[in-house]
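Structure data (mmCIF, C-alpha atoms and all ligand atoms) from target18.cif:
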```
data_work
#
loop_
_atom_site.label_atom_id
_atom_site.label_comp_id
_atom_site.auth_asym_id
_atom_site.auth_seq_id
_atom_site.Cartn_x
_atom_site.Cartn_y
_atom_site.Cartn_z
CA MET A 5 15.91 -46.14 12.93
CA GLY A 6 18.78 -48.58 13.29
CA THR A 7 21.97 -47.88 15.22
CA LEU A 8 23.89 -47.58 11.92
CA THR A 9 21.36 -45.58 9.91
CA GLY A 10 23.19 -43.23 7.53
CA LYS A 11 26.46 -45.20 7.74
CA LYS A 12 28.26 -46.89 4.87
CA ALA A 13 30.04 -50.19 5.44
CA LEU A 14 32.31 -52.38 3.33
CA VAL A 15 32.62 -56.04 4.32
CA THR A 16 35.24 -58.06 2.45
CA GLY A 17 34.49 -61.72 1.77
CA ALA A 18 30.77 -61.17 2.33
CA SER A 19 29.51 -63.66 -0.25
CA ARG A 20 29.60 -66.50 2.28
CA GLY A 21 30.16 -67.51 5.89
CA ILE A 22 31.06 -65.01 8.57
CA GLY A 23 31.27 -62.10 6.11
CA ARG A 24 27.75 -62.76 4.89
CA SER A 25 26.41 -62.69 8.45
CA ILE A 26 28.29 -59.47 9.19
CA ALA A 27 26.92 -57.83 6.04
CA GLU A 28 23.37 -58.90 6.87
CA ARG A 29 23.69 -57.74 10.47
CA LEU A 30 25.16 -54.30 9.62
CA ALA A 31 22.42 -53.82 7.01
CA ARG A 32 19.77 -54.78 9.56
CA ASP A 33 21.26 -52.17 11.87
CA GLY A 34 20.72 -49.59 9.13
CA ALA A 35 24.00 -49.33 7.21
CA LEU A 36 24.31 -49.29 3.42
CA VAL A 37 26.54 -52.33 2.91
CA ALA A 38 29.05 -53.07 0.16
CA VAL A 39 29.11 -56.87 -0.17
CA HIS A 40 32.58 -57.70 -1.47
CA TYR A 41 33.28 -61.05 -3.11
CA GLY A 42 36.12 -62.81 -4.89
CA ARG A 43 34.86 -65.65 -7.08
CA ASN A 44 31.23 -66.16 -6.13
CA ALA A 45 29.27 -63.39 -7.88
CA ALA A 46 26.01 -65.31 -7.65
CA ALA A 47 26.42 -65.84 -3.90
CA ALA A 48 27.17 -62.14 -3.37
CA GLN A 49 24.10 -61.16 -5.38
CA GLU A 50 22.05 -63.54 -3.25
CA VAL A 51 23.33 -61.76 -0.10
CA VAL A 52 22.30 -58.40 -1.56
CA ALA A 53 18.89 -59.80 -2.49
CA ALA A 54 18.42 -61.17 1.05
CA ILE A 55 19.40 -57.82 2.58
CA ARG A 56 16.96 -55.93 0.33
CA ALA A 57 14.18 -58.44 1.04
CA ASP A 58 14.76 -57.70 4.73
CA GLY A 59 14.33 -53.95 4.09
CA GLY A 60 18.06 -53.09 3.99
CA ALA A 61 20.36 -51.56 1.39
CA ALA A 62 23.40 -53.20 -0.21
CA PHE A 63 25.38 -53.61 -3.40
CA THR A 64 28.14 -55.94 -4.58
CA VAL A 65 31.81 -55.09 -5.14
CA HIS A 66 34.16 -57.49 -6.88
CA ALA A 67 37.92 -57.97 -6.48
CA GLU A 68 40.02 -61.07 -6.17
CA LEU A 69 42.38 -60.27 -3.30
CA GLY A 70 46.01 -61.30 -3.10
CA VAL A 71 46.69 -60.72 -6.81
CA PRO A 72 48.18 -57.69 -8.61
CA GLY A 73 45.70 -54.83 -8.98
CA ASP A 74 43.38 -56.18 -6.26
CA VAL A 75 43.13 -53.02 -4.16
CA PRO A 76 42.53 -50.50 -7.01
CA THR A 77 39.91 -52.84 -8.49
CA LEU A 78 38.06 -53.02 -5.20
CA TRP A 79 38.08 -49.27 -4.55
CA GLU A 80 37.12 -48.36 -8.12
CA GLY A 81 34.09 -50.61 -7.75
CA TYR A 82 33.25 -49.26 -4.32
CA ASP A 83 33.58 -45.58 -5.26
CA ARG A 84 31.39 -46.04 -8.33
CA GLU A 85 28.67 -48.09 -6.64
CA VAL A 86 28.47 -46.06 -3.44
CA LEU A 87 27.49 -43.01 -5.49
CA ARG A 88 24.85 -45.03 -7.31
CA HIS A 89 23.33 -46.10 -3.99
CA SER A 90 23.73 -42.96 -1.89
CA ASP A 91 24.21 -39.24 -2.42
CA SER A 92 27.76 -38.97 -1.06
CA PRO A 93 31.11 -40.72 -1.29
CA GLY A 94 33.14 -42.07 1.64
CA LEU A 95 33.00 -44.87 4.16
CA ASP A 96 32.19 -45.28 7.85
CA ILE A 97 32.91 -48.95 8.61
CA LEU A 98 35.50 -51.25 7.06
CA VAL A 99 35.40 -54.94 7.96
CA ASN A 100 38.47 -56.84 6.75
CA ASN A 101 36.99 -60.33 6.80
CA ALA A 102 38.06 -62.16 3.60
CA GLY A 103 40.59 -64.86 4.37
CA ILE A 104 41.85 -68.31 3.53
CA THR A 105 43.08 -71.14 5.75
CA PRO A 106 45.79 -73.27 4.22
CA ARG A 107 46.02 -76.48 6.26
CA GLY A 108 49.32 -78.16 7.06
CA GLU A 109 51.87 -78.67 9.78
CA ILE A 110 55.16 -76.80 9.33
CA GLU A 111 56.64 -79.76 7.45
CA GLN A 112 53.84 -79.77 4.86
CA THR A 113 53.53 -76.03 4.28
CA THR A 114 54.79 -75.15 0.81
CA PRO A 115 56.22 -71.72 -0.05
CA GLU A 116 53.30 -71.26 -2.48
CA ALA A 117 50.66 -71.94 0.18
CA PHE A 118 52.50 -69.71 2.64
CA ASP A 119 52.77 -66.84 0.14
CA GLU A 120 49.11 -67.09 -0.77
CA ALA A 121 48.06 -66.93 2.88
CA VAL A 122 50.26 -63.88 3.40
CA ALA A 123 48.92 -62.22 0.24
CA VAL A 124 45.24 -62.73 1.09
CA ASN A 125 45.19 -62.56 4.90
CA MET A 126 47.90 -59.96 5.50
CA ARG A 127 49.01 -57.98 2.47
CA ALA A 128 45.55 -57.37 1.01
CA PRO A 129 43.98 -56.00 4.22
CA PHE A 130 47.02 -53.77 4.78
CA PHE A 131 46.87 -52.05 1.41
CA LEU A 132 43.11 -52.11 1.26
CA THR A 133 43.04 -50.29 4.58
CA GLN A 134 45.72 -47.85 3.38
CA GLN A 135 43.22 -46.69 0.73
CA ALA A 136 40.26 -46.93 3.11
CA VAL A 137 41.83 -44.43 5.49
CA LYS A 138 41.45 -41.71 2.83
CA ARG A 139 37.76 -42.49 2.48
CA LEU A 140 36.85 -43.12 6.13
CA HIS A 141 34.99 -40.34 7.89
CA ASP A 142 36.34 -39.21 11.25
CA GLY A 143 34.74 -41.33 13.96
CA GLY A 144 34.76 -44.34 11.66
CA ARG A 145 35.46 -47.98 12.40
CA ILE A 146 37.93 -50.58 11.18
CA ILE A 147 37.27 -54.15 12.27
CA ASN A 148 39.68 -56.91 11.31
CA ILE A 149 38.69 -60.54 11.53
CA SER A 150 41.53 -62.36 13.25
CA SER A 151 41.39 -65.85 14.77
CA GLY A 152 41.50 -67.68 18.07
CA ALA A 153 44.48 -69.46 16.51
CA THR A 154 46.68 -66.58 17.67
CA ARG A 155 45.93 -67.60 21.29
CA ILE A 156 45.42 -71.33 20.95
CA ALA A 157 48.26 -73.30 19.32
CA LEU A 158 46.82 -75.30 16.42
CA THR A 159 49.78 -76.92 14.74
CA ASP A 160 47.95 -77.85 11.53
CA ILE A 161 47.27 -74.22 10.61
CA ILE A 162 50.63 -72.72 11.58
CA ALA A 163 51.06 -70.42 8.56
CA TYR A 164 47.48 -69.20 8.89
CA ALA A 165 48.01 -68.43 12.59
CA MET A 166 51.08 -66.38 11.67
CA THR A 167 49.10 -64.23 9.24
CA LYS A 168 46.43 -63.60 11.87
CA GLY A 169 49.09 -62.68 14.43
CA ALA A 170 50.16 -60.01 11.96
CA VAL A 171 46.55 -58.80 11.75
CA ASP A 172 46.53 -58.38 15.54
CA ALA A 173 49.74 -56.32 15.44
CA PHE A 174 48.32 -54.23 12.58
CA THR A 175 45.17 -53.60 14.63
CA LEU A 176 47.09 -52.39 17.67
CA THR A 177 49.38 -50.08 15.74
CA LEU A 178 46.74 -48.67 13.42
CA ALA A 179 44.50 -47.87 16.39
CA LYS A 180 47.23 -45.58 17.70
CA ALA A 181 47.80 -44.03 14.28
CA LEU A 182 44.12 -43.22 13.65
CA GLY A 183 42.96 -42.44 17.18
CA GLY A 184 43.35 -38.71 16.63
CA ARG A 185 40.58 -38.87 14.05
CA GLY A 186 38.25 -40.73 16.39
CA ILE A 187 38.54 -43.86 14.25
CA THR A 188 38.57 -47.07 16.29
CA VAL A 189 40.45 -50.14 15.08
CA ASN A 190 39.76 -53.54 16.61
CA ALA A 191 40.05 -57.20 15.75
CA VAL A 192 37.54 -59.95 16.43
CA ALA A 193 39.00 -63.43 16.93
CA PRO A 194 36.48 -66.21 16.29
CA GLY A 195 36.94 -69.83 17.30
CA ILE A 196 35.61 -72.70 15.21
CA ILE A 197 32.63 -71.43 13.23
CA ASP A 198 30.47 -73.61 11.02
CA THR A 199 31.31 -72.19 7.58
CA ASP A 200 32.63 -73.54 4.27
CA MET A 201 36.15 -72.95 5.60
CA ASN A 202 35.73 -75.88 7.98
CA ALA A 203 33.40 -78.00 5.87
CA SER A 204 36.04 -80.49 4.72
CA TRP A 205 36.90 -81.75 8.20
CA LEU A 206 33.88 -80.73 10.28
CA ARG A 207 30.55 -81.08 8.52
CA GLY A 208 29.03 -84.53 8.76
CA ASN A 209 31.93 -85.81 10.90
CA GLU A 210 30.25 -86.51 14.22
CA ALA A 211 33.49 -87.04 16.16
CA ALA A 212 34.98 -83.78 14.87
CA GLU A 213 31.75 -81.89 15.59
CA THR A 214 31.68 -83.19 19.17
CA SER A 215 35.30 -82.32 19.90
CA ALA A 216 34.93 -78.89 18.25
CA ALA A 217 31.88 -78.17 20.41
CA GLN A 218 33.74 -79.27 23.55
CA LEU A 219 36.53 -76.77 22.89
CA SER A 220 34.12 -73.98 23.82
CA ALA A 221 33.19 -73.38 27.45
CA LEU A 222 29.67 -72.89 26.12
CA GLY A 223 29.62 -76.38 24.64
CA ARG A 224 28.76 -75.75 21.02
CA ILE A 225 30.30 -74.83 17.68
CA GLY A 226 30.13 -71.13 16.88
CA ARG A 227 27.74 -69.64 14.34
CA ALA A 228 28.54 -66.84 11.93
CA GLU A 229 25.86 -64.69 13.64
CA ASP A 230 27.76 -64.99 16.94
CA VAL A 231 30.71 -63.20 15.34
CA ALA A 232 28.50 -60.70 13.50
CA ALA A 233 27.00 -59.62 16.83
CA VAL A 234 30.43 -58.68 18.19
CA VAL A 235 31.29 -56.81 15.00
CA ALA A 236 27.96 -54.96 15.21
CA PHE A 237 28.79 -53.79 18.74
CA LEU A 238 32.23 -52.52 17.71
CA ALA A 239 30.70 -50.79 14.67
CA SER A 240 28.02 -49.06 16.74
CA ASP A 241 28.29 -45.92 18.81
CA ASP A 242 28.27 -48.15 21.92
CA GLY A 243 31.70 -49.43 20.85
CA ARG A 244 33.24 -45.96 20.68
CA TRP A 245 35.59 -46.35 23.68
CA VAL A 246 37.15 -49.66 22.59
CA THR A 247 40.17 -49.46 20.31
CA GLY A 248 43.36 -51.37 19.61
CA GLN A 249 41.86 -54.57 21.03
CA VAL A 250 41.55 -58.16 19.91
CA ILE A 251 38.13 -59.29 21.09
CA ASP A 252 37.99 -63.02 21.69
CA ALA A 253 34.82 -64.43 20.13
CA THR A 254 35.63 -68.11 20.53
CA GLY A 255 32.82 -68.93 22.96
CA GLY A 256 35.50 -69.33 25.60
CA SER A 257 37.54 -71.91 23.72
CA GLN A 258 40.19 -73.70 25.78
CA LEU A 259 39.84 -71.42 28.78
P1 LIG B 1 34.61 -68.80 4.09
O1 LIG B 1 35.61 -69.68 3.44
O2 LIG B 1 33.29 -69.37 4.45
O3 LIG B 1 34.37 -67.51 3.18
C1 LIG B 1 35.47 -66.77 2.75
C2 LIG B 1 35.03 -65.46 2.15
O4 LIG B 1 36.22 -64.73 1.80
C3 LIG B 1 34.23 -65.64 0.89
O5 LIG B 1 33.27 -64.61 0.81
C4 LIG B 1 35.27 -65.49 -0.21
O6 LIG B 1 34.74 -64.92 -1.40
C5 LIG B 1 36.25 -64.50 0.40
N1 LIG B 1 37.60 -64.71 -0.11
C6 LIG B 1 38.45 -65.71 0.20
N2 LIG B 1 39.59 -65.58 -0.50
C7 LIG B 1 39.45 -64.48 -1.27
C8 LIG B 1 40.27 -63.84 -2.22
N3 LIG B 1 41.49 -64.29 -2.54
N4 LIG B 1 39.80 -62.72 -2.83
C9 LIG B 1 38.57 -62.25 -2.53
N5 LIG B 1 37.74 -62.82 -1.64
C10 LIG B 1 38.17 -63.93 -1.03
O7 LIG B 1 35.35 -68.20 5.37
P2 LIG B 1 34.79 -67.87 6.83
O8 LIG B 1 33.53 -67.13 6.73
O9 LIG B 1 34.85 -69.09 7.64
O10 LIG B 1 35.96 -66.91 7.37
C11 LIG B 1 35.89 -65.50 7.31
C12 LIG B 1 37.03 -64.92 8.11
O11 LIG B 1 36.96 -65.40 9.44
C13 LIG B 1 38.41 -65.29 7.60
O12 LIG B 1 39.28 -64.19 7.73
C14 LIG B 1 38.82 -66.40 8.52
O13 LIG B 1 40.21 -66.52 8.61
C15 LIG B 1 38.19 -65.95 9.82
N6 LIG B 1 37.99 -67.02 10.78
C16 LIG B 1 37.18 -68.08 10.47
C17 LIG B 1 37.00 -69.09 11.40
C18 LIG B 1 36.12 -70.26 11.14
O14 LIG B 1 36.14 -71.20 11.95
N7 LIG B 1 35.34 -70.30 10.07
C19 LIG B 1 37.67 -69.06 12.69
C20 LIG B 1 38.50 -67.92 12.91
C21 LIG B 1 38.65 -66.94 11.97
P3 LIG B 1 34.33 -65.78 -2.71
O15 LIG B 1 33.69 -67.03 -2.23
O16 LIG B 1 33.42 -64.87 -3.44
O17 LIG B 1 35.60 -66.02 -3.46
#
```
Step by step, read the file and then write its structure as structure tokens.
Amino acid sequence: MGTLTGKKALVTGASRGIGRSIAERLARDGALVAVHYGRNAAAAQEVVAAIRADGGAAFTVHAELGVPGDVPTLWEGYDREVLRHSDSPGLDILVNNAGITPRGEIEQTTPEAFDEAVAVNMRAPFFLTQQAVKRLHDGGRIINISSGATRIALTDIIAYAMTKGAVDAFTLTLAKALGGRGITVNAVAPGIIDTDMNASWLRGNEAAETSAAQLSALGRIGRAEDVAAVVAFLASDDGRWVTGQVIDATGGSQL
């Protein structure tokens, strides 16, 4: 029996990158996992297939976030599919992971890019969580994926950093609001992780890879599984006494 046997989890943005690793890890720990995706249906189905091949249980849920109707679409899909894959409704673990990183210094950031980052990284998790709260069982977990960019000033992702700062404030305040139900709310703040998000400037660029690795006290670039391990702890019963926190998972970047 896994530590999450009998639990139901929803991971947004689980078709790729960090979300995929989180989905696979929570499934390995025994949870039934809803693998949410935006545009990559085939990738999400591949994640579900990998989880099932590993002996776990999962299904896909589609919703493009940051557009009108996003939250109802997601929950309609979740509510329908969870009853097809288990004998009861509800949710135990919500991981707000889906996000985008518009790149640009303050001078280059357009209102359109700014608004999109706010819509996907800030607005969508807020209203998605508003509906999740009705479905979450007492003792449940909410885990928001933030960023080390709220602690380390990275001028070329200034708008992104702002949205993640809002996620941290949301985490703190929501933890207080839901504590009476035994629901913990935490954020995990990764550093540079080797995912598609960083592919354009990192992958295959030896100089960038070396300097990214040197940012971490541990001397390497982070892997999606490194973040998933922290999420798995917070999701487990062992994480029950941690709430309202932003857990740095940057491998000790710029200590
Ligand atoms: P990726 O770009 O690799 O994957 C993003 C995931 O989010 C995909 O599954 C994608 O789904 C989904 N997604 C993105 N936009 C939308 C949207 N509008 N609607 C629905 N789904 C969407 O990102 P990472 O795995 O690197 O990042 C995951 C999280 O971790 C993000 O919140 C990010 O800010 C954070 N983070 C990442 C770091 C890094 O270095 N990689 C560092 C710090 C934080 P699909 O492909 O199906 O559209």
Around ligand LIG 1 (chain B), which protein and nucleic acid residues have at least one atom no more than 7 Å from it, if we count only C-alpha atoms and all ligand atoms? List them as an mmCIF file with C-alpha atoms, in the coordinates of the input.
```cif
data_model
loop_
_atom_site.group_PDB
_atom_site.id
_atom_site.type_symbol
_atom_site.label_atom_id
_atom_site.label_comp_id
_atom_site.auth_asym_id
_atom_site.auth_seq_id
_atom_site.Cartn_x
_atom_site.Cartn_y
_atom_site.Cartn_z
ATOM 1 C CA THR A 16 35.240 -58.060 2.450
ATOM 2 C CA GLY A 17 34.490 -61.720 1.770
ATOM 3 C CA ALA A 18 30.770 -61.170 2.330
ATOM 4 C CA SER A 19 29.510 -63.660 -0.250
ATOM 5 C CA ARG A 20 29.600 -66.500 2.280
ATOM 6 C CA GLY A 21 30.160 -67.510 5.890
ATOM 7 C CA ILE A 22 31.060 -65.010 8.570
ATOM 8 C CA GLY A 23 31.270 -62.100 6.110
ATOM 9 C CA TYR A 41 33.280 -61.050 -3.110
ATOM 10 C CA GLY A 42 36.120 -62.810 -4.890
ATOM 11 C CA ARG A 43 34.860 -65.650 -7.080
ATOM 12 C CA ASN A 44 31.230 -66.160 -6.130
ATOM 13 C CA ALA A 45 29.270 -63.390 -7.880
ATOM 14 C CA ALA A 48 27.170 -62.140 -3.370
ATOM 15 C CA ALA A 67 37.920 -57.970 -6.480
ATOM 16 C CA GLU A 68 40.020 -61.070 -6.170
ATOM 17 C CA LEU A 69 42.380 -60.270 -3.300
ATOM 18 C CA GLY A 70 46.010 -61.300 -3.100
ATOM 19 C CA ASN A 101 36.990 -60.330 6.800
ATOM 20 C CA ALA A 102 38.060 -62.160 3.600
ATOM 21 C CA GLY A 103 40.590 -64.860 4.370
ATOM 22 C CA ILE A 104 41.850 -68.310 3.530
ATOM 23 C CA THR A 105 43.080 -71.140 5.750
ATOM 24 C CA VAL A 124 45.240 -62.730 1.090
ATOM 25 C CA ASN A 125 45.190 -62.560 4.900
ATOM 26 C CA ILE A 149 38.690 -60.540 11.530
ATOM 27 C CA SER A 150 41.530 -62.360 13.250
ATOM 28 C CA SER A 151 41.390 -65.850 14.770
ATOM 29 C CA GLY A 152 41.500 -67.680 18.070
ATOM 30 C CA ALA A 193 39.000 -63.430 16.930
ATOM 31 C CA PRO A 194 36.480 -66.210 16.290
ATOM 32 C CA GLY A 195 36.940 -69.830 17.300
ATOM 33 C CA ILE A 196 35.610 -72.700 15.210
ATOM 34 C CA ILE A 197 32.630 -71.430 13.230
ATOM 35 C CA ASP A 198 30.470 -73.610 11.020
ATOM 36 C CA THR A 199 31.310 -72.190 7.580
ATOM 37 C CA ASP A 200 32.630 -73.540 4.270
ATOM 38 C CA MET A 201 36.150 -72.950 5.600
ATOM 39 C CA ASN A 202 35.730 -75.880 7.980
#
```
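Reported to one decimal place, the separation of atom CA of A:Met5 from atom CA of A:Asp83 is 25.4 Å.
The residue set within 12 Å of A:Ile156, counting all atoms listed in the file and dropping same-chain residues fewer than 5 places from it, reads Ser151, Ile161, Ile162, Ala165, Met166, Lys168, Gly169, Ala193, Pro194, Gly195, Ile196, Leu219, Ser220, Asp252, Thr254, Gly256, Ser257, Gln258 and Leu259 of chain A.
Relative to atom CA of A:Phe130, atom CA of A:Phe174 is found at 7.9 Å.
Residues in contact with stretch 178-182 of chain A at up to 12 Å, not including ones fewer than 6 positions away on its chain and judged by all atoms listed in the file, are A:Phe130, A:Thr133, A:Gln134, A:Ala136, A:Val137, A:Lys138, A:Leu140, A:His141, A:Asp142, A:Gly143, A:Gly144, A:Arg145, A:Ile146, A:Ile147, A:Asn148, A:Ala170, A:Val171, A:Asp172, A:Thr188, A:Val189, A:Asn190, A:Ala191, A:Trp245, A:Val246, A:Thr247, A:Gly248, A:Gln249, A:Val250.
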What gap, in Å, lies between atom CA of A:Ala212 and atom CA of A:Asp119? 28.6 Å
Within 9 Å of A:Ala163 using all atoms listed in the file, minus same-chain residues under 6 positions, as JSON, numbers by chain: {"A": [105, 106, 107, 108, 109, 110, 113, 117, 118, 121, 122]}
Take the residues from that selection and put them in a file with C-alpha atoms, as a short mmCIF file (atom, residue, chain, number, x, y, z; two decimals), in the coordinates of the input.
```cif
data_model
loop_
_atom_site.label_atom_id
_atom_site.label_comp_id
_atom_site.auth_asym_id
_atom_site.auth_seq_id
_atom_site.Cartn_x
_atom_site.Cartn_y
_atom_site.Cartn_z
CA THR A 105 43.08 -71.14 5.75
CA PRO A 106 45.79 -73.27 4.22
CA ARG A 107 46.02 -76.48 6.26
CA GLY A 108 49.32 -78.16 7.06
CA GLU A 109 51.87 -78.67 9.78
CA ILE A 110 55.16 -76.80 9.33
CA THR A 113 53.53 -76.03 4.28
CA ALA A 117 50.66 -71.94 0.18
CA PHE A 118 52.50 -69.71 2.64
CA ALA A 121 48.06 -66.93 2.88
CA VAL A 122 50.26 -63.88 3.40
#
```
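In this comparison, which uses only C-alpha atoms, the residue of A:Glu50, A:Glu116, A:Asp33, A:Asp91 approaching A:Ala239 most closely is A:Asp33.
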